[in-house]
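Data block below; observations after.
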Amino acid sequence: MSSVTLPDFTLKAEQVPLFEPNVLDDAARDALKSRIAEKLEALGAVLIAHYYVDGDVQDLAEATGGFVSDSLEMARYGHNHDASTLIVAGVRFMGETAKILSPEKTVYMPTLRAECSLDIGCPPDEFAEFTAAHSDRTVVVYANTSARVKALSDWVVTSSCALEIVSHLRDKGEKILWAPDKHLGKYIQEQTGADMLLWSGACVVHEEFKAKALIDLKKVFPDAAVLVHPESPASVIAMADAVGSTSAIIRAAAELPHDTFIVATDRGIFHKLRQLNPKKRFIEAPTAGEGAECRSCAHCPWMAMNELQTLDRLLSDEAYRAGCEIFVDPAIGERAKLPLDRMLQFQQTH
Ligand code: 13P
Ligand code: SF4
């Protein structure tokens with residue numbers, strides 16, 4: 001077996017866009033929401049949003065018969081829904097996944113500039129070289145990847161099902177090549193004991209959570225439970241009362257008996273956490289502390305691009321909309337659909 005030495009695929013600060021939110025007053029937001037709702041209906045489109053996007057966009061999705069969820073359930077919902085036009089408010093891999101699973105549907109996103117550091121940090125050509133050099137391994141990729149990377153894989157997983165799928169492969173004696181998130185990969189490796197070779201990408205949001213500052217915050221709120229998304233560093237995961245996907249975090253907040261929670265994931269999730277648990281207190285896990293480049297920067301700059309104004313433009317301006325449609329090369333889509341179908345089927349039967 002030949003091997004490839006991997007460079008560090010963690011993004012540099014200059015590769016991450018700075019995001020300036022458009023501020024609207026309540027009346028303007030309400031007017032915009034009504035207009036968007038009407039236009040969604042006129043287009044016969046269903047809006048599917050991730051828990052990290054603007055709370056108003058999440059509310060609109062639910063109020064107009066659409067859906068808000070984690071990345072796995074977004075994929076399943078879009079696939080099973082009757083609508084022939086899907087609008088995916090999230091990041092590009094989510095729109096691509098919807099298109100791969102339902103190539104006959106038209107899929108738009110408010111902007112195709114909404115990327116993901118894990119996707120950017122896993123270029124398909126380098127990844128193809130990596131898989132070729134380790135052809136004895138089963139290739140498992142995180143959903144946060146491009147269609148071309150998915151097309152090179154045996155399995156796609158999200159953080160909702162990664163542990164179960166890797167445990168299943170370990171039980172069959174398979175050795176795994178994992179990409180792209182090194183923190184999630186390490187966590188799964190430790191939990192399952194599977195033989196895993198890891199790519200070295202990271203999420204620019206979760207990577208910033210700091211264990212030292214979290215220890216200090218826990219001293220201020222000793223009774224708080226700590227909820228952590230597994231894209232965070234191992235030192236932060238080690239302090240968690242619950243570790244899991246966005247939907248697992250939402251479940252844990254409802255089920256745990258605590259009144260106060262420190263949450264290490266994108267702050268967009270606070271909208272749903274507070275809606276579902278109005279009497280509980282939610283505090284952002286700190287990103288400040290030794291080695292941090294910003295204070296409380298726990299918001300994905302790409303998810304933040306899914307603003308009401310952008311969504312309104314998508315629905316109002318045909319020329320703009322034409323530039324926001326997701327296209328996946330049919331041959332790549334067909335190949336990428338195999339590991340995605342495998343994941344959905346596994347989830348259904350386990
Ligand atoms: P979930 O699959 O948990 O929704 O996470 C997606 C994601 O991008 C986390 O940063
Ligand atoms: Fe990607 Fe991180 Fe943004 Fe999730 S939060 S979409 S992993 S950059």
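Residue numbers start at 1 in each chain; chains themselves are named A, B, ... in the order of the structure tokens; ligands are numbered from 1 in the order shown.
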Env. residues ligand 1 / 10 Å / only C-alpha atoms and all ligand atoms / as an MDAnalysis selection string: chainID A and resid 50:52 69:74 90:91 93:94 116:118 142:144 157:162 202:206 229:232 244:249 265:266 269 299:300 303
Contacts of Ala89 in chain A at 9 Å (only C-alpha atoms; same-chain gap of 5+ positions) as a list in words: Leu47, Ile48, Ala49, His50, Val53, Val57, Gln58, Met94, Gly95, Tyr108, Met109, Pro110, Thr111, Met303, Asn306, Glu307 and Leu311 of chain A
Store the residues of this selection in a file with N, CA and C atoms, as a tab-separated table (two decimals), in the first residue's frame.
chain	number	residue	atom	x	y	z
A	47	LEU	N	-39.81	25.31	1.19
A	47	LEU	CA	-38.58	25.86	1.79
A	47	LEU	C	-38.08	24.89	2.88
A	48	ILE	N	-36.80	24.49	2.75
A	48	ILE	CA	-36.20	23.55	3.70
A	48	ILE	C	-34.99	24.25	4.31
A	49	ALA	N	-35.01	24.44	5.63
A	49	ALA	CA	-33.96	25.26	6.26
A	49	ALA	C	-33.20	24.46	7.31
A	50	HIS	N	-31.94	24.84	7.50
A	50	HIS	CA	-31.12	24.24	8.56
A	50	HIS	C	-31.27	25.06	9.84
A	53	VAL	N	-29.64	28.72	10.23
A	53	VAL	CA	-29.93	29.93	9.46
A	53	VAL	C	-30.81	30.89	10.29
A	57	VAL	N	-36.08	32.93	8.84
A	57	VAL	CA	-36.13	32.01	7.69
A	57	VAL	C	-36.61	30.64	8.19
A	58	GLN	N	-36.15	30.23	9.38
A	58	GLN	CA	-36.63	28.96	9.96
A	58	GLN	C	-38.15	29.02	10.19
A	94	MET	N	-25.77	20.97	1.07
A	94	MET	CA	-27.16	20.57	1.37
A	94	MET	C	-28.03	20.67	0.11
A	95	GLY	N	-27.82	21.74	-0.67
A	95	GLY	CA	-28.54	21.88	-1.94
A	95	GLY	C	-28.13	20.78	-2.91
A	108	TYR	N	-33.12	25.24	-5.74
A	108	TYR	CA	-32.48	26.57	-5.65
A	108	TYR	C	-31.94	26.77	-4.25
A	109	MET	N	-30.96	27.67	-4.16
A	109	MET	CA	-30.51	28.15	-2.85
A	109	MET	C	-30.52	29.67	-2.89
A	110	PRO	N	-30.74	30.34	-1.76
A	110	PRO	CA	-30.73	31.80	-1.78
A	110	PRO	C	-29.44	32.36	-2.38
A	111	THR	N	-28.33	31.69	-2.15
A	111	THR	CA	-27.08	32.07	-2.83
A	111	THR	C	-26.18	30.84	-2.94
A	303	MET	N	-23.68	30.07	6.40
A	303	MET	CA	-25.09	29.91	6.80
A	303	MET	C	-25.76	31.27	6.93
A	306	ASN	N	-27.98	33.22	4.25
A	306	ASN	CA	-29.39	32.90	3.97
A	306	ASN	C	-30.29	33.91	4.68
A	307	GLU	N	-30.23	35.14	4.22
A	307	GLU	CA	-31.03	36.20	4.86
A	307	GLU	C	-32.40	36.31	4.19
A	311	LEU	N	-33.44	35.66	0.19
A	311	LEU	CA	-34.52	34.75	-0.16
A	311	LEU	C	-35.57	35.49	-0.99
Contacts of range 338-341 of chain A within 9 Å, only C-alpha atoms, excl. fewer than 4 positions in-chain, as a list in words: Thr97, Ile100, Leu101, Val140, Ala143, Lys150, Ala151, Ser153, Asp154, Trp155, Val156, Val157, Gly333, Glu334, Gln345 and Phe346 of chain A
For those residues, write N, CA, C and O atoms to a file as a compact mmCIF listing (two decimals), in the first residue's frame.
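Ended up saving to again_22.txt:
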# COMPACT_ATOMS: atom_id res chain seq x y z
N THR A 97 -26.97 17.82 -2.17
CA THR A 97 -27.51 16.53 -1.71
C THR A 97 -28.96 16.38 -2.14
O THR A 97 -29.38 15.32 -2.62
N ILE A 100 -28.96 15.60 -5.85
CA ILE A 100 -28.47 14.24 -6.14
C ILE A 100 -29.57 13.21 -5.83
O ILE A 100 -29.81 12.28 -6.59
N LEU A 101 -30.26 13.42 -4.70
CA LEU A 101 -31.30 12.46 -4.32
C LEU A 101 -32.54 12.57 -5.20
O LEU A 101 -33.26 11.60 -5.38
N VAL A 140 -15.50 6.52 3.81
CA VAL A 140 -16.68 7.10 4.47
C VAL A 140 -16.50 8.61 4.50
O VAL A 140 -15.53 9.10 5.07
N ALA A 143 -21.29 14.26 5.11
CA ALA A 143 -22.17 14.90 4.11
C ALA A 143 -21.65 16.28 3.68
O ALA A 143 -21.97 16.75 2.58
N LYS A 150 -18.34 12.94 -2.79
CA LYS A 150 -19.31 11.87 -2.44
C LYS A 150 -19.23 10.74 -3.48
O LYS A 150 -19.34 9.56 -3.15
N ALA A 151 -19.03 11.14 -4.74
CA ALA A 151 -18.98 10.13 -5.81
C ALA A 151 -17.75 9.23 -5.69
O ALA A 151 -17.68 8.19 -6.34
N SER A 153 -16.92 7.96 -2.79
CA SER A 153 -17.05 7.28 -1.49
C SER A 153 -17.90 6.01 -1.55
O SER A 153 -18.63 5.78 -2.51
N ASP A 154 -17.78 5.20 -0.48
CA ASP A 154 -18.64 4.03 -0.32
C ASP A 154 -19.86 4.38 0.53
O ASP A 154 -20.94 3.83 0.35
N TRP A 155 -19.63 5.26 1.52
CA TRP A 155 -20.70 5.66 2.42
C TRP A 155 -20.65 7.17 2.62
O TRP A 155 -19.57 7.75 2.74
N VAL A 156 -21.83 7.79 2.70
CA VAL A 156 -21.93 9.16 3.19
C VAL A 156 -22.56 9.06 4.58
O VAL A 156 -23.43 8.20 4.80
N VAL A 157 -22.11 9.89 5.50
CA VAL A 157 -22.74 9.92 6.84
C VAL A 157 -22.94 11.37 7.26
O VAL A 157 -22.30 12.27 6.73
N GLY A 333 -23.66 12.72 -10.20
CA GLY A 333 -24.82 12.62 -9.32
C GLY A 333 -25.25 11.17 -9.13
O GLY A 333 -25.55 10.73 -8.02
N GLU A 334 -25.26 10.42 -10.23
CA GLU A 334 -25.68 9.02 -10.15
C GLU A 334 -24.75 8.22 -9.24
O GLU A 334 -25.19 7.42 -8.41
N GLN A 345 -30.95 4.37 3.72
CA GLN A 345 -31.50 3.03 3.94
C GLN A 345 -31.03 2.46 5.28
O GLN A 345 -31.82 1.86 6.02
N PHE A 346 -29.75 2.67 5.60
CA PHE A 346 -29.22 2.19 6.88
C PHE A 346 -30.03 2.80 8.02
O PHE A 346 -30.42 2.12 8.96
Filtered DSSP result for range 102-323 of chain A, state strand (DSSP E or B), as a PyMOL selection string: chain A and resi 106-108+138-142+155-157+176-179+181+196-198+201+225-228+242-243+260-264+281-284
Separation of CA of Leu18 in chain A from CA of Glu96 in chain A in Å: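 Spanning CA of Glu96 in chain A to CA of Leu18 in chain A is a straight-line distance of 23.8 Å.
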Which residues, written as a short mmCIF file (atom, residue, chain, number, x, y, z; two decimals) with C-alpha atoms, in the first residue's frame, have at least one atom at most 12 Å from Ala42 in chain A, with only C-alpha atoms counted and residues fewer than 4 positions away on the same chain left out?
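Listed below is the output, around.cif:
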data_model
loop_
_atom_site.label_atom_id
_atom_site.label_comp_id
_atom_site.auth_asym_id
_atom_site.auth_seq_id
_atom_site.Cartn_x
_atom_site.Cartn_y
_atom_site.Cartn_z
CA ARG A 35 -44.15 38.62 0.57
CA ILE A 36 -41.84 35.60 0.59
CA ALA A 37 -44.67 33.32 1.76
CA GLU A 38 -46.85 34.48 -1.15
CA VAL A 46 -41.11 24.19 -0.50
CA THR A 64 -45.33 27.76 4.78
CA THR A 85 -39.17 22.84 -6.64
CA LEU A 315 -38.15 34.59 -5.45
CA SER A 316 -38.60 38.00 -7.08
#
Distance query Phe127 in chain A at most 12 Å, only C-alpha atoms, self and fewer than 6 positions along chain excluded, as a list in words: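 With the cut-off at 12 Å, the set is Val4, Thr5, Leu6, Pro7, Phe9, Asp119, Ile120, Gly121, Ala133, His134, Val139, Val140, Val141, Thr145, Ser146, Arg148, Val149, Lys150, Ala151, Leu152, Ser153, Leu177, Trp178, Ala179, Pro180, Leu198, Trp199, Ser200 and Gly201 of chain A.
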Separation of CA of Gln348 in chain A from CA of Arg335 in chain A in Å: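 Between these atoms lies a distance of 20.9 Å.
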Counting only C-alpha atoms and all ligand atoms, the residue of A:Arg251, A:Lys212, A:Arg113, A:Lys175 that sits nearest ligand 2: A:Arg113
